[in-house]
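Below is one structure, written out as structure tokens; comments come after it.
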Amino acid sequence: MKNGRNSFVFRLMLTLFLILVINFFLPRMMPGDPFSTTSEDDAGDEVIVMTEEQRMYYMNYYGLDKPVHEQFLVYLKNLLKADLGRSIYYKMPVSDVIMLHLPWTMFIVLSSTIISTVAGVILGTFSAKNRKKGSDRIMMAGMISFAEIPSFLLGLILLLIFSVHLRLFPLAGAVTPFAHYSGLGEQLWDILYHACLPVMTLSLAQLTGVYLLTRNTLITVTTKDYIRTARAKGIGEKTVWNRHALRNALLPVVTRAGFMIGIMMGGVVLVESVFSYPGIGMTLRSAVIGRDYPLIQGILLVIAVSILICNLLVDKIYSKLDPRVTI
């Protein structure tokens with residue numbers, strides 16, 4: 001047991017180290033640097049913002065003129081002090097920038113995870129109960145076809161239908177600009193109103209995966225001996241499905257929900273760009289365009305650590321649902 005725990009800790013630390021390495025070197029593999037596109041030598045037809053001397057000054061100020069291995073050691077040293085650095089674009093600590101935008105992303109990601117999981121389980125259960133019937137075939141074909149639509153394209157379709165043509169939802173943003181709220185309830189309603197389309201997009205993008213997993217798992221579970229034994233004992237069909245079949249089918253769905261958070265955190269960059277939603281995805285996009293190395297590193301680190309934490313929580317929940325599983 002102790003060796004297994006030590007092995008788990010070692011794998012976790014190795015994963016974190018690899019994440020730090022990728023976070024640091026990936027931004028520096030992009031062409032240019034944070035100041036090259038605004039210096040005199042590289043500006044071309046663009047407006048000259050700074051001279052080469054000014055560029056070298058800022059490169060020195062942010063430590064970007066040092067050898068890469070020295071920059072990496074400084075990066076690790078600062079992380080030990082919980083210092084993510086200072087954003088080049090926002091001119092403020094990276095941690096403050098992340099805390100300003102991360103709650104918006106976590107709100108739509110967690111909401112979408114809950115909605116897509118619940119809806120997928122309900123639809124998958126209905127489809128499994130009506131296996132080989134017309135309703136099952138129609139739903140199966142529709143879900144598979146629907147899954148081929150990329151999330152950003154789905155967002156554009158929803159935006160054109162519900163915002164441009166029907167004018168039911170706002171075109172962009174997370175709150176109404178310059179709005180004065182009479183109370184907390186009105187402010188929360190405005191936030192939910194603006195989040196509807198981004199949440200709907202992320203939920204629909206992940207719905208098919210949960211639906212198929214629930215349906216196929218339930219079909220497999222209902223062929224097991226303990227299900228036949230339960231029916232032979234005269235237990236009602238509703239109890240068989242809810243207490244025996246569905247509970248065991250939920251185990252892989254719980255695992256899927258944990259992975260969905262990671263998938264959404266990656267896809268949220270495009271979705272937030274479509275709706276101009278001020279989350280971490282839009283911030284990462286701006287950081288990449290501006291080659292803001294500290295901010296890119298900080299955002300990627302937070303996303304990676306969030307995914308690791310979600311996976312650990314999923315393992316804990318999995319062990320509670322199935323006591324045979326040990327972490």
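Numbering starts fresh at 1 for the residues of each chain in the structure tokens, the chains themselves are lettered A, B, ... in the order given, and ligands are numbered from 1 as they appear.
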Practice task
Going by DSSP on the backbone, which bits of segment 111-278 of chain A are helix (DSSP H, G or I)? Write them as number ranges by chain, please.
Solution key: A: 111-129, 134-147, 151-165, 184-221, 225-232, 237-275
Exercise for the section: Enter the distance from atom CA of Met99 of chain A to atom CA of Leu300 of chain A, in Å, rounded to one decimal. Expected result: 13.6 Å
Completion exercise
re atom CA of Ile108 of chain A and atom CA of Val199 of chain A: distance 5.3 Å
Exercise for the section: Using only C-alpha atoms, determine which residues lie at most 8 Å from Ala287 of chain A, disregarding the query and same-chain residues fewer than 6 positions distant; provide the list as JSON, numbers by chain. Expected result: {"A": [89, 293, 295, 296]}
Quick one: write out the picked residues with N, CA, C and O atoms as a PDB file, in the first residue's frame?
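Writing done, so here's result_20.pdb:
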```
ATOM      1  N   TYR A  89       1.577  42.542 -21.068  1.00  0.00           N
ATOM      2  CA  TYR A  89       0.505  43.323 -21.701  1.00  0.00           C
ATOM      3  C   TYR A  89      -0.322  44.090 -20.676  1.00  0.00           C
ATOM      4  O   TYR A  89      -0.578  45.290 -20.849  1.00  0.00           O
ATOM      5  N   TYR A 293       4.676  36.029 -22.511  1.00  0.00           N
ATOM      6  CA  TYR A 293       5.156  34.760 -21.968  1.00  0.00           C
ATOM      7  C   TYR A 293       4.698  34.485 -20.538  1.00  0.00           C
ATOM      8  O   TYR A 293       4.200  33.394 -20.248  1.00  0.00           O
ATOM      9  N   LEU A 295       2.133  35.504 -18.863  1.00  0.00           N
ATOM     10  CA  LEU A 295       0.695  35.252 -18.790  1.00  0.00           C
ATOM     11  C   LEU A 295       0.334  33.911 -19.430  1.00  0.00           C
ATOM     12  O   LEU A 295      -0.514  33.172 -18.898  1.00  0.00           O
ATOM     13  N   ILE A 296       0.960  33.590 -20.558  1.00  0.00           N
ATOM     14  CA  ILE A 296       0.724  32.282 -21.196  1.00  0.00           C
ATOM     15  C   ILE A 296       1.108  31.159 -20.242  1.00  0.00           C
ATOM     16  O   ILE A 296       0.361  30.189 -20.055  1.00  0.00           O
TER      17      ILE A 296
END
```
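Atom CA of Arg28 of chain A is found 13.8 Å from atom CA of Tyr62 of chain A.
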